[in-house]
>>> print(open('start_1.cif').read())   # mmCIF, C-alpha atoms and all ligand atoms
data_entry
loop_
_atom_site.group_PDB
_atom_site.id
_atom_site.type_symbol
_atom_site.label_atom_id
_atom_site.label_comp_id
_atom_site.auth_asym_id
_atom_site.auth_seq_id
_atom_site.Cartn_x
_atom_site.Cartn_y
_atom_site.Cartn_z
ATOM 1 C CA MET A 1 -28.562 -15.814 -9.640
ATOM 2 C CA ALA A 2 -29.258 -12.794 -7.411
ATOM 3 C CA ALA A 3 -29.908 -13.448 -3.713
ATOM 4 C CA LYS A 4 -33.591 -13.362 -2.755
ATOM 5 C CA TYR A 5 -33.196 -10.694 -0.091
ATOM 6 C CA LEU A 6 -32.158 -8.161 -2.775
ATOM 7 C CA ALA A 7 -35.588 -8.150 -4.440
ATOM 8 C CA HIS A 8 -37.298 -8.119 -1.032
ATOM 9 C CA PHE A 9 -35.545 -4.879 -0.053
ATOM 10 C CA GLY A 10 -35.557 -3.406 -3.572
ATOM 11 C CA LEU A 11 -31.763 -3.557 -3.885
ATOM 12 C CA LYS A 12 -30.108 -3.738 -7.294
ATOM 13 C CA SER A 13 -26.901 -5.364 -5.963
ATOM 14 C CA SER A 14 -25.413 -6.740 -2.727
ATOM 15 C CA PRO A 15 -24.822 -3.641 -0.627
ATOM 16 C CA PHE A 16 -22.068 -4.921 1.675
ATOM 17 C CA THR A 17 -19.735 -6.542 -0.816
ATOM 18 C CA LYS A 18 -15.996 -5.927 -1.045
ATOM 19 C CA GLU A 19 -16.458 -5.358 -4.772
ATOM 20 C CA ILE A 20 -16.817 -1.620 -4.493
ATOM 21 C CA SER A 21 -15.011 0.510 -7.045
ATOM 22 C CA ASP A 22 -12.308 2.976 -6.031
ATOM 23 C CA ASP A 23 -14.438 5.988 -6.930
ATOM 24 C CA GLU A 24 -17.374 4.797 -4.807
ATOM 25 C CA LEU A 25 -15.507 4.224 -1.547
ATOM 26 C CA TRP A 26 -17.013 5.679 1.613
ATOM 27 C CA LEU A 27 -14.793 8.497 2.857
ATOM 28 C CA PRO A 28 -16.043 10.132 6.072
ATOM 29 C CA PRO A 29 -13.928 12.986 7.566
ATOM 30 C CA SER A 30 -11.787 10.525 9.577
ATOM 31 C CA LYS A 31 -10.735 8.670 6.425
ATOM 32 C CA GLN A 32 -10.364 11.889 4.396
ATOM 33 C CA GLU A 33 -7.866 13.007 7.004
ATOM 34 C CA VAL A 34 -5.745 9.845 6.698
ATOM 35 C CA LEU A 35 -5.936 10.139 2.938
ATOM 36 C CA ALA A 36 -4.810 13.776 3.030
ATOM 37 C CA ASP A 37 -1.866 12.800 5.279
ATOM 38 C CA LEU A 38 -0.880 10.041 2.872
ATOM 39 C CA VAL A 39 -1.018 12.367 -0.118
ATOM 40 C CA GLU A 40 1.041 14.965 1.735
ATOM 41 C CA ALA A 41 3.616 12.365 2.776
ATOM 42 C CA LEU A 42 4.054 11.192 -0.800
ATOM 43 C CA ARG A 43 4.196 14.724 -2.192
ATOM 44 C CA GLU A 44 7.032 15.279 0.290
ATOM 45 C CA ARG A 45 8.531 12.004 -0.993
ATOM 46 C CA THR A 46 8.705 10.522 2.498
ATOM 47 C CA SER A 47 7.756 7.081 3.823
ATOM 48 C CA VAL A 48 4.708 6.089 5.849
ATOM 49 C CA LEU A 49 3.603 3.524 8.402
ATOM 50 C CA LEU A 50 -0.175 2.969 8.394
ATOM 51 C CA THR A 51 -1.679 0.638 10.981
ATOM 52 C CA GLY A 52 -5.117 -0.389 12.208
ATOM 53 C CA GLU A 53 -7.106 -3.380 13.412
ATOM 54 C CA PRO A 54 -8.338 -5.967 10.858
ATOM 55 C CA GLY A 55 -11.190 -4.733 8.673
ATOM 56 C CA VAL A 56 -11.041 -1.018 9.586
ATOM 57 C CA GLY A 57 -10.398 -0.143 5.952
ATOM 58 C CA LYS A 58 -6.622 0.130 5.475
ATOM 59 C CA THR A 59 -6.505 -1.496 2.046
ATOM 60 C CA CYS A 60 -9.540 0.533 0.927
ATOM 61 C CA VAL A 61 -7.705 3.724 1.906
ATOM 62 C CA LEU A 62 -4.825 2.599 -0.334
ATOM 63 C CA ARG A 63 -7.315 2.207 -3.145
ATOM 64 C CA ALA A 64 -8.649 5.722 -2.509
ATOM 65 C CA LEU A 65 -5.033 6.919 -2.583
ATOM 66 C CA ARG A 66 -4.441 5.215 -5.919
ATOM 67 C CA ARG A 67 -7.372 7.156 -7.311
ATOM 68 C CA LYS A 68 -6.311 10.474 -5.840
ATOM 69 C CA LEU A 69 -2.643 10.627 -6.862
ATOM 70 C CA PRO A 70 -1.829 12.033 -10.302
ATOM 71 C CA GLN A 71 -0.707 9.091 -12.442
ATOM 72 C CA GLY A 72 1.977 10.905 -14.414
ATOM 73 C CA THR A 73 3.829 11.942 -11.250
ATOM 74 C CA PHE A 74 3.583 8.844 -9.040
ATOM 75 C CA ARG A 75 4.105 5.171 -9.864
ATOM 76 C CA LEU A 76 2.384 2.972 -7.288
ATOM 77 C CA THR A 77 3.415 -0.672 -6.874
ATOM 78 C CA TYR A 78 1.230 -2.730 -4.577
ATOM 79 C CA CYS A 79 2.776 -5.785 -2.871
ATOM 80 C CA HIS A 80 0.557 -7.900 -0.693
ATOM 81 C CA ASN A 81 2.536 -11.107 -0.352
ATOM 82 C CA ALA A 82 4.698 -10.090 2.552
ATOM 83 C CA THR A 83 5.463 -13.634 3.642
ATOM 84 C CA LEU A 84 8.575 -13.882 1.489
ATOM 85 C CA GLY A 85 12.222 -14.010 2.391
ATOM 86 C CA ARG A 86 14.435 -11.195 1.126
ATOM 87 C CA ARG A 87 15.364 -12.722 -2.251
ATOM 88 C CA ASP A 88 11.804 -13.693 -3.163
ATOM 89 C CA PHE A 89 10.547 -10.349 -1.929
ATOM 90 C CA TYR A 90 12.816 -8.502 -4.376
ATOM 91 C CA ARG A 91 11.893 -11.003 -7.053
ATOM 92 C CA GLN A 92 8.218 -10.192 -6.538
ATOM 93 C CA LEU A 93 8.997 -6.482 -6.605
ATOM 94 C CA CYS A 94 10.910 -6.903 -9.900
ATOM 95 C CA LEU A 95 7.936 -8.689 -11.453
ATOM 96 C CA ALA A 96 5.499 -6.049 -10.180
ATOM 97 C CA LEU A 97 7.710 -3.374 -11.747
ATOM 98 C CA GLY A 98 7.761 -5.215 -15.078
ATOM 99 C CA LEU A 99 11.478 -6.044 -14.799
ATOM 100 C CA SER A 100 12.887 -9.456 -15.633
ATOM 101 C CA PRO A 101 14.036 -10.938 -12.345
ATOM 102 C CA SER A 102 17.678 -11.980 -11.988
ATOM 103 C CA ALA A 103 18.931 -15.005 -10.118
ATOM 104 C CA THR A 104 20.824 -13.633 -7.152
ATOM 105 C CA ALA A 105 19.573 -11.445 -4.315
ATOM 106 C CA ALA A 106 22.228 -8.804 -5.082
ATOM 107 C CA ALA A 107 21.230 -8.623 -8.773
ATOM 108 C CA LEU A 108 17.536 -8.393 -7.868
ATOM 109 C CA PHE A 109 18.227 -5.553 -5.471
ATOM 110 C CA PHE A 110 20.328 -3.810 -8.113
ATOM 111 C CA GLY A 111 17.476 -4.207 -10.641
ATOM 112 C CA VAL A 112 14.936 -2.593 -8.301
ATOM 113 C CA SER A 113 17.172 0.264 -7.176
ATOM 114 C CA SER A 114 18.320 1.049 -10.758
ATOM 115 C CA HIS A 115 14.681 1.181 -11.815
ATOM 116 C CA VAL A 116 13.937 3.614 -8.978
ATOM 117 C CA GLU A 117 16.835 5.813 -10.159
ATOM 118 C CA ASP A 118 15.577 5.686 -13.769
ATOM 119 C CA LEU A 119 12.128 6.833 -12.622
ATOM 120 C CA GLY A 120 13.773 9.633 -10.623
ATOM 121 C CA ARG A 121 15.445 10.882 -13.816
ATOM 122 C CA GLU A 122 12.023 10.867 -15.501
ATOM 123 C CA ARG A 123 10.632 12.866 -12.534
ATOM 124 C CA ILE A 124 8.290 10.030 -11.582
ATOM 125 C CA HIS A 125 8.129 9.229 -7.894
ATOM 126 C CA PRO A 126 7.824 5.482 -7.193
ATOM 127 C CA VAL A 127 5.802 4.347 -4.181
ATOM 128 C CA PHE A 128 5.987 0.772 -2.892
ATOM 129 C CA LEU A 129 2.861 -0.104 -0.933
ATOM 130 C CA LEU A 130 3.613 -3.095 1.292
ATOM 131 C CA ASP A 131 0.295 -4.400 2.583
ATOM 132 C CA GLU A 132 0.052 -6.964 5.399
ATOM 133 C CA ALA A 133 3.527 -5.774 6.367
ATOM 134 C CA GLN A 134 3.231 -7.269 9.860
ATOM 135 C CA LEU A 135 4.047 -10.537 8.067
ATOM 136 C CA LEU A 136 7.318 -9.315 6.562
ATOM 137 C CA HIS A 137 10.243 -11.603 7.260
ATOM 138 C CA GLN A 138 12.782 -10.033 9.541
ATOM 139 C CA ASP A 139 15.535 -10.417 6.920
ATOM 140 C CA THR A 140 13.370 -8.430 4.458
ATOM 141 C CA LEU A 141 12.611 -5.768 7.050
ATOM 142 C CA ASP A 142 16.321 -5.545 7.968
ATOM 143 C CA HIS A 143 17.116 -4.654 4.383
ATOM 144 C CA LEU A 144 14.341 -2.198 3.508
ATOM 145 C CA HIS A 145 16.097 0.937 4.724
ATOM 146 C CA ILE A 146 18.909 0.211 2.261
ATOM 147 C CA LEU A 147 16.348 0.471 -0.525
ATOM 148 C CA LEU A 148 15.686 4.048 0.616
ATOM 149 C CA ASN A 149 19.339 5.018 0.298
ATOM 150 C CA TYR A 150 20.264 6.798 -2.968
ATOM 151 C CA GLU A 151 23.332 8.926 -3.668
ATOM 152 C CA TRP A 152 24.866 8.516 -0.234
ATOM 153 C CA ASP A 153 21.419 8.754 1.396
ATOM 154 C CA SER A 154 20.912 12.273 0.084
ATOM 155 C CA LYS A 155 18.058 11.668 -2.410
ATOM 156 C CA ALA A 156 14.438 10.784 -1.672
ATOM 157 C CA LEU A 157 13.790 8.758 -4.805
ATOM 158 C CA LEU A 158 11.355 6.259 -3.307
ATOM 159 C CA SER A 159 8.533 6.181 -0.750
ATOM 160 C CA LEU A 160 7.657 3.059 1.197
ATOM 161 C CA VAL A 161 4.161 2.738 2.631
ATOM 162 C CA LEU A 162 4.097 -0.056 5.195
ATOM 163 C CA VAL A 163 0.546 -1.095 6.002
ATOM 164 C CA GLY A 164 -0.496 -3.582 8.646
ATOM 165 C CA LEU A 165 -2.003 -4.508 11.971
ATOM 166 C CA PRO A 166 -1.139 -2.601 15.175
ATOM 167 C CA GLU A 167 1.562 -5.177 15.988
ATOM 168 C CA LEU A 168 3.511 -3.821 13.014
ATOM 169 C CA ALA A 169 3.836 -0.491 14.862
ATOM 170 C CA ASP A 170 5.062 -2.380 17.948
ATOM 171 C CA ARG A 171 7.541 -4.287 15.844
ATOM 172 C CA MET A 172 8.923 -1.121 14.286
ATOM 173 C CA THR A 173 9.829 0.248 17.704
ATOM 174 C CA LEU A 174 12.166 -2.704 18.351
ATOM 175 C CA ARG A 175 15.831 -1.718 18.482
ATOM 176 C CA ARG A 176 16.562 -4.032 15.561
ATOM 177 C CA ASN A 177 14.257 -2.029 13.264
ATOM 178 C CA ARG A 178 15.397 1.450 14.237
ATOM 179 C CA CYS A 179 17.279 2.169 10.981
ATOM 180 C CA LEU A 180 14.065 1.699 9.023
ATOM 181 C CA TYR A 181 11.743 3.232 11.611
ATOM 182 C CA SER A 182 13.771 6.439 11.860
ATOM 183 C CA ARG A 183 13.356 6.868 8.075
ATOM 184 C CA ILE A 184 9.545 6.647 8.303
ATOM 185 C CA GLN A 185 8.395 10.207 8.882
ATOM 186 C CA TYR A 186 4.607 9.665 8.846
ATOM 187 C CA ARG A 187 3.143 7.215 11.348
ATOM 188 C CA LEU A 188 -0.604 7.043 10.794
ATOM 189 C CA THR A 189 -3.380 4.968 12.310
ATOM 190 C CA ILE A 190 -6.899 4.182 11.188
ATOM 191 C CA ASP A 191 -9.059 4.023 14.286
ATOM 192 C CA PRO A 192 -12.130 1.798 14.621
ATOM 193 C CA ILE A 193 -15.198 3.751 13.525
ATOM 194 C CA VAL A 194 -17.551 5.450 16.022
ATOM 195 C CA PRO A 195 -21.349 4.751 16.291
ATOM 196 C CA ASP A 196 -22.403 7.658 14.039
ATOM 197 C CA ASP A 197 -19.981 6.394 11.397
ATOM 198 C CA THR A 198 -21.545 2.930 11.515
ATOM 199 C CA ALA A 199 -24.978 4.417 10.783
ATOM 200 C CA ASP A 200 -23.508 6.568 8.021
ATOM 201 C CA TYR A 201 -21.608 3.616 6.499
ATOM 202 C CA ILE A 202 -24.680 1.371 6.438
ATOM 203 C CA ALA A 203 -26.812 4.101 4.840
ATOM 204 C CA TYR A 204 -24.045 4.864 2.318
ATOM 205 C CA ARG A 205 -23.689 1.265 1.183
ATOM 206 C CA LEU A 206 -27.462 0.799 0.912
ATOM 207 C CA THR A 207 -27.727 3.963 -1.175
ATOM 208 C CA GLY A 208 -24.992 2.582 -3.444
ATOM 209 C CA SER A 209 -27.241 -0.421 -4.065
ATOM 210 C CA GLY A 210 -30.164 1.778 -5.014
ATOM 211 C CA CYS A 211 -32.016 1.897 -1.687
ATOM 212 C CA LYS A 212 -32.599 5.301 -0.131
ATOM 213 C CA ARG A 213 -35.178 4.410 2.514
ATOM 214 C CA GLU A 214 -34.401 3.452 6.094
ATOM 215 C CA VAL A 215 -33.839 -0.326 6.304
ATOM 216 C CA PHE A 216 -32.060 -0.829 9.649
ATOM 217 C CA THR A 217 -33.662 0.572 12.802
ATOM 218 C CA SER A 218 -31.386 2.655 15.026
ATOM 219 C CA ASP A 219 -31.463 -0.100 17.670
ATOM 220 C CA ALA A 220 -30.328 -2.635 15.100
ATOM 221 C CA ILE A 221 -27.490 -0.328 13.994
ATOM 222 C CA ALA A 222 -26.400 0.201 17.603
ATOM 223 C CA MET A 223 -26.195 -3.536 18.087
ATOM 224 C CA ILE A 224 -24.216 -4.048 14.878
ATOM 225 C CA HIS A 225 -21.819 -1.336 16.016
ATOM 226 C CA GLU A 226 -21.246 -2.953 19.411
ATOM 227 C CA THR A 227 -20.591 -6.302 17.795
ATOM 228 C CA ALA A 228 -18.338 -5.148 14.972
ATOM 229 C CA LEU A 229 -16.055 -3.130 17.278
ATOM 230 C CA GLY A 230 -15.445 -0.655 14.482
ATOM 231 C CA SER A 231 -14.483 -3.187 11.798
ATOM 232 C CA LEU A 232 -16.198 -2.463 8.490
ATOM 233 C CA ARG A 233 -15.670 -6.047 7.375
ATOM 234 C CA ASP A 234 -17.600 -7.295 10.414
ATOM 235 C CA ILE A 235 -20.353 -4.753 9.764
ATOM 236 C CA ASP A 236 -20.570 -6.100 6.204
ATOM 237 C CA ARG A 237 -20.949 -9.667 7.408
ATOM 238 C CA VAL A 238 -23.510 -9.002 10.151
ATOM 239 C CA ALA A 239 -25.545 -6.549 8.070
ATOM 240 C CA THR A 240 -25.762 -8.985 5.141
ATOM 241 C CA ALA A 241 -26.847 -11.857 7.389
ATOM 242 C CA ALA A 242 -29.429 -9.593 9.044
ATOM 243 C CA LEU A 243 -30.862 -8.510 5.675
ATOM 244 C CA ARG A 244 -31.153 -12.140 4.607
ATOM 245 C CA ALA A 245 -32.789 -13.252 7.874
ATOM 246 C CA SER A 246 -35.217 -10.301 7.860
ATOM 247 C CA ALA A 247 -36.253 -11.017 4.258
ATOM 248 C CA ARG A 248 -37.003 -14.634 5.209
ATOM 249 C CA ARG A 249 -39.254 -13.336 7.970
ATOM 250 C CA LYS A 250 -40.903 -11.006 5.440
ATOM 251 C CA ARG A 251 -39.963 -7.946 7.501
ATOM 252 C CA LYS A 252 -39.616 -4.588 5.797
ATOM 253 C CA LEU A 253 -37.193 -3.381 8.470
ATOM 254 C CA VAL A 254 -34.126 -5.006 10.005
ATOM 255 C CA GLU A 255 -34.734 -4.918 13.737
ATOM 256 C CA ARG A 256 -32.685 -5.602 16.839
ATOM 257 C CA ASP A 257 -34.111 -9.074 17.529
ATOM 258 C CA VAL A 258 -33.032 -10.335 14.092
ATOM 259 C CA VAL A 259 -29.571 -8.806 14.470
ATOM 260 C CA ASP A 260 -29.289 -10.508 17.866
ATOM 261 C CA HIS A 261 -30.301 -13.797 16.275
ATOM 262 C CA VAL A 262 -27.761 -13.618 13.434
ATOM 263 C CA ILE A 263 -24.974 -12.572 15.805
ATOM 264 C CA ASN A 264 -25.632 -15.702 17.845
ATOM 265 C CA ILE A 265 -25.591 -17.867 14.758
ATOM 266 C CA LEU A 266 -22.508 -16.238 13.215
ATOM 267 C CA GLY A 267 -20.753 -16.304 16.568
ATOM 268 C CA VAL A 268 -19.221 -12.882 15.766
HETATM 269 N N1 LIG B 301 -13.760 3.307 2.570
HETATM 270 C C1 LIG B 301 -14.545 2.243 2.409
HETATM 271 N N2 LIG B 301 -15.641 2.312 1.626
HETATM 272 C C2 LIG B 301 -16.464 1.246 1.475
HETATM 273 N N3 LIG B 301 -16.239 0.063 2.057
HETATM 274 C C3 LIG B 301 -15.162 -0.073 2.837
HETATM 275 C C4 LIG B 301 -14.264 1.004 3.051
HETATM 276 N N4 LIG B 301 -13.284 0.578 3.879
HETATM 277 C C5 LIG B 301 -13.561 -0.698 4.153
HETATM 278 N N5 LIG B 301 -14.693 -1.100 3.537
HETATM 279 C C6 LIG B 301 -15.319 -2.418 3.627
HETATM 280 O O1 LIG B 301 -14.683 -3.143 4.654
HETATM 281 C C7 LIG B 301 -13.983 -4.270 4.101
HETATM 282 C C8 LIG B 301 -12.641 -4.384 4.799
HETATM 283 O O2 LIG B 301 -11.836 -3.282 4.443
HETATM 284 P P1 LIG B 301 -10.266 -3.447 4.167
HETATM 285 O O3 LIG B 301 -10.009 -4.692 3.415
HETATM 286 O O4 LIG B 301 -9.783 -2.170 3.578
HETATM 287 O O5 LIG B 301 -9.742 -3.601 5.667
HETATM 288 P P2 LIG B 301 -8.253 -3.765 6.177
HETATM 289 O O6 LIG B 301 -8.067 -2.771 7.270
HETATM 290 O O7 LIG B 301 -7.313 -3.703 5.027
HETATM 291 O O8 LIG B 301 -8.285 -5.243 6.812
HETATM 292 P P3 LIG B 301 -7.097 -6.313 7.014
HETATM 293 O O9 LIG B 301 -6.237 -5.813 8.142
HETATM 294 O O10 LIG B 301 -7.787 -7.582 7.405
HETATM 295 O O11 LIG B 301 -6.361 -6.402 5.722
HETATM 296 C C9 LIG B 301 -13.914 -4.010 2.616
HETATM 297 O O12 LIG B 301 -13.882 -5.221 1.881
HETATM 298 C C10 LIG B 301 -15.146 -3.192 2.333
HETATM 299 O O13 LIG B 301 -16.275 -4.012 2.138
HETATM 300 MG MG MG B 302 -6.060 -5.115 4.176
#
>>> encode(input="start_1.cif", output="structure tokens", more="lines below")
Ligand SMILES: Nc1ncnc2c1ncn2[C@@H]1O[C@H](COP(=O)(O)OP(=O)(O)OP(=O)(O)O)[C@@H](O)[C@H]1O
Ligand SMILES: [Mg+2]
Amino acid sequence: MAAKYLAHFGLKSSPFTKEISDDELWLPPSKQEVLADLVEALRERTSVLLTGEPGVGKTCVLRALRRKLPQGTFRLTYCHNATLGRRDFYRQLCLALGLSPSATAAALFFGVSSHVEDLGRERIHPVFLLDEAQLLHQDTLDHLHILLNYEWDSKALLSLVLVGLPELADRMTLRRNRCLYSRIQYRLTIDPIVPDDTADYIAYRLTGSGCKREVFTSDAIAMIHETALGSLRDIDRVATAALRASARRKRKLVERDVVDHVINILGV
């Protein structure tokens, strides 16, 4: 059953849900820029490190990338369970690639790298997207640069896109990770959004749910921005709670006092 606040504000669906399709993602100039860098990196067949605070929209940018890259030329494989040791990591990669996984770590590695070489012969560029990569086991991380080595390290047959929290960037600079880090040519960050972006994001998501009128006052938006610290996920949570609380009070606008109230309750 649809939530009551939707009818109150004339919304046809929940505006701040994570269930947004790839072609409807919000892409302000700051995100377009990251996306363009990612596309360029992959066209150059290089590897990328992409970091940002929780909820700033890293995984959504990967989804926008999936939509933007021509399917016949690139083969994207998304891995989000980074908490695996080396053998299980390659096992997961084999499964994601549609290969039957072998028993030993060496055979698994051979399976993945042979598949990458096969794709190279077909002129398809494989891209492994490793999300939540700050959680990668050190023994997996130690081995990743070997996966980038084809024909005596003279062929760029695979791109790795390591995505994670800012501590991933710190980790990469450790001496132990220098073989991998030196092979990652693009080091990108997604910064927390600025106040104008927050207003634009809220309006964009409301429009996507069929509401074009102003719903949040500028004071209310400013307060949401200060609380969310640039995290879109936090904006989603506070904005939804504020819509619900305002509907209960039969208000046609979401105002600062209600936002203040829900922030105290949510303990954001
Ligand atoms: N470009 C976008 N368009 C629309 N909504 C977005 C966009 N980016 C982020 N969001 C919203 O913010 C939420 C969090 O985004 P996302 O999951 O991409 O963040 P993240 O940086 O990957 O976070 P984490 O580090 O916790 O994995 C999404 O579920 C979505 O509701
Ligand atoms: Mg994510």
>>> residues_around(input="start_1.cif", residues="Ile146 of chain A", least_positions_apart="3", cutoff="12 Å", atoms="only C-alpha atoms", output="list in words")
Phe109, Phe110, Val112, Ser113, Thr140, Leu141, Asp142, His143, Asn149, Tyr150, Glu151, Trp152, Asp153, Leu158, Leu160, Cys179, Leu180 and Arg183 of chain A
>>> closest_residue(input="start_1.cif", among="A:Glu132, A:Leu27, A:Pro126, A:Gly98", to="Gly164 of chain A", atoms="only C-alpha atoms")
A:Glu132
>>> resolve_selection(input="start_1.cif", expression="the PyMOL selection byres (((not hetatm)) within 10 of (chain B and resi 302))", output="VMD selection string")
chain A and resid 51 to 62 80 131 to 133 163 to 165
>>> resolve_selection(input="start_1.cif", expression="the PyMOL selection byres (((chain A and resi 245-255) around 9) and not hetatm)", output="PyMOL selection string")
chain A and resi 4-6+8-9+214-221+239-244+256-262
>>> closest_residue(input="start_1.cif", among="A:Ile224, A:Ile265, A:Ile184, A:Cys211", to="Thr198 of chain A", atoms="only C-alpha atoms")
A:Ile224
>>> closest_residue(input="start_1.cif", among="A:His225, A:Arg91, A:Arg205, A:Arg121", to="ligand LIG 301 (chain B)", atoms="all atoms listed in the file")
A:Arg205
>>> closest_residue(input="start_1.cif", among="A:Tyr186, A:Phe128, A:Tyr204, A:Tyr181", to="Ser159 of chain A", atoms="only C-alpha atoms")
A:Phe128
>>> closest_residue(input="start_1.cif", among="A:Arg66, A:Arg171, A:Arg176, A:Lys18", to="Val127 of chain A", atoms="all atoms listed in the file")
A:Arg66
>>> closest_residue(input="start_1.cif", among="A:Ser231, A:Gln185, A:Asn264, A:Thr77", to="ligand LIG 301 (chain B)", atoms="all atoms listed in the file")
A:Ser231
>>> residues_around(input="start_1.cif", residues="Arg86 of chain A", least_positions_apart="3", cutoff="7 Å", atoms="only C-alpha atoms", output="MDAnalysis selection string")
chainID A and resid 89:90 139:140
>>> atom_distance(input="start_1.cif", atom1="atom CA of Lys31 of chain A", atom2="atom CA of Leu93 of chain A")
28.1 Å
>>> resolve_selection(input="start_1.cif", expression="the PyMOL selection byres (((chain A and resi 38) around 12) and not hetatm)", output="PyMOL selection string")
chain A and resi 31-37+39-50+58+61-66+68-69+127+129+159-163+185-190
>>> atom_distance(input="start_1.cif", atom1="atom CA of Ile193 of chain A", atom2="atom O13 of ligand LIG 301 (chain B)")
13.8 Å
>>> atom_distance(input="start_1.cif", atom1="atom CA of Leu147 of chain A", atom2="atom CA of Ala105 of chain A")
12.9 Å
>>> axis_aligned_box(input="start_1.cif", around="ligand LIG 301 (chain B)", padding_each_side="3 Å", output="JSON")
{"center_x": -11.4, "center_y": -2.1, "center_z": 4.8, "size_x": 16.2, "size_y": 16.9, "size_z": 12.7}
>>> build_atoms(input="start_1.cif", residues="segment 157-172 of chain A", atoms="N, CA and C atoms", output="mmCIF file, in the coordinates of the input")
data_model
loop_
_atom_site.group_PDB
_atom_site.id
_atom_site.type_symbol
_atom_site.label_atom_id
_atom_site.label_comp_id
_atom_site.auth_asym_id
_atom_site.auth_seq_id
_atom_site.Cartn_x
_atom_site.Cartn_y
_atom_site.Cartn_z
ATOM 1 N N LEU A 157 14.273 9.203 -3.493
ATOM 2 C CA LEU A 157 13.790 8.758 -4.805
ATOM 3 C C LEU A 157 12.628 7.783 -4.694
ATOM 4 N N LEU A 158 12.360 7.309 -3.478
ATOM 5 C CA LEU A 158 11.355 6.259 -3.307
ATOM 6 C C LEU A 158 10.615 6.486 -1.991
ATOM 7 N N SER A 159 9.292 6.202 -2.012
ATOM 8 C CA SER A 159 8.533 6.181 -0.750
ATOM 9 C C SER A 159 8.085 4.760 -0.475
ATOM 10 N N LEU A 160 8.227 4.335 0.768
ATOM 11 C CA LEU A 160 7.657 3.059 1.197
ATOM 12 C C LEU A 160 6.421 3.366 2.017
ATOM 13 N N VAL A 161 5.346 2.626 1.769
ATOM 14 C CA VAL A 161 4.161 2.738 2.631
ATOM 15 C C VAL A 161 3.940 1.350 3.237
ATOM 16 N N LEU A 162 4.263 1.222 4.508
ATOM 17 C CA LEU A 162 4.097 -0.056 5.195
ATOM 18 C C LEU A 162 2.736 -0.065 5.862
ATOM 19 N N VAL A 163 1.924 -1.060 5.513
ATOM 20 C CA VAL A 163 0.546 -1.095 6.002
ATOM 21 C C VAL A 163 0.325 -2.401 6.755
ATOM 22 N N GLY A 164 -0.278 -2.324 7.934
ATOM 23 C CA GLY A 164 -0.496 -3.582 8.646
ATOM 24 C C GLY A 164 -1.254 -3.406 9.950
ATOM 25 N N LEU A 165 -1.298 -4.479 10.689
ATOM 26 C CA LEU A 165 -2.003 -4.508 11.971
ATOM 27 C C LEU A 165 -1.205 -3.729 13.021
ATOM 28 N N PRO A 166 -1.854 -3.395 14.155
ATOM 29 C CA PRO A 166 -1.139 -2.601 15.175
ATOM 30 C C PRO A 166 0.189 -3.235 15.622
ATOM 31 N N GLU A 167 0.296 -4.569 15.545
ATOM 32 C CA GLU A 167 1.562 -5.177 15.988
ATOM 33 C C GLU A 167 2.740 -4.776 15.099
ATOM 34 N N LEU A 168 2.428 -4.308 13.876
ATOM 35 C CA LEU A 168 3.511 -3.821 13.014
ATOM 36 C C LEU A 168 4.157 -2.581 13.645
ATOM 37 N N ALA A 169 3.297 -1.699 14.211
ATOM 38 C CA ALA A 169 3.836 -0.491 14.862
ATOM 39 C C ALA A 169 4.709 -0.893 16.051
ATOM 40 N N ASP A 170 4.260 -1.913 16.803
ATOM 41 C CA ASP A 170 5.062 -2.380 17.948
ATOM 42 C C ASP A 170 6.409 -2.925 17.454
ATOM 43 N N ARG A 171 6.323 -3.664 16.361
ATOM 44 C CA ARG A 171 7.541 -4.287 15.844
ATOM 45 C C ARG A 171 8.554 -3.236 15.394
ATOM 46 N N MET A 172 8.021 -2.160 14.796
ATOM 47 C CA MET A 172 8.923 -1.121 14.286
ATOM 48 C C MET A 172 9.704 -0.446 15.403
#
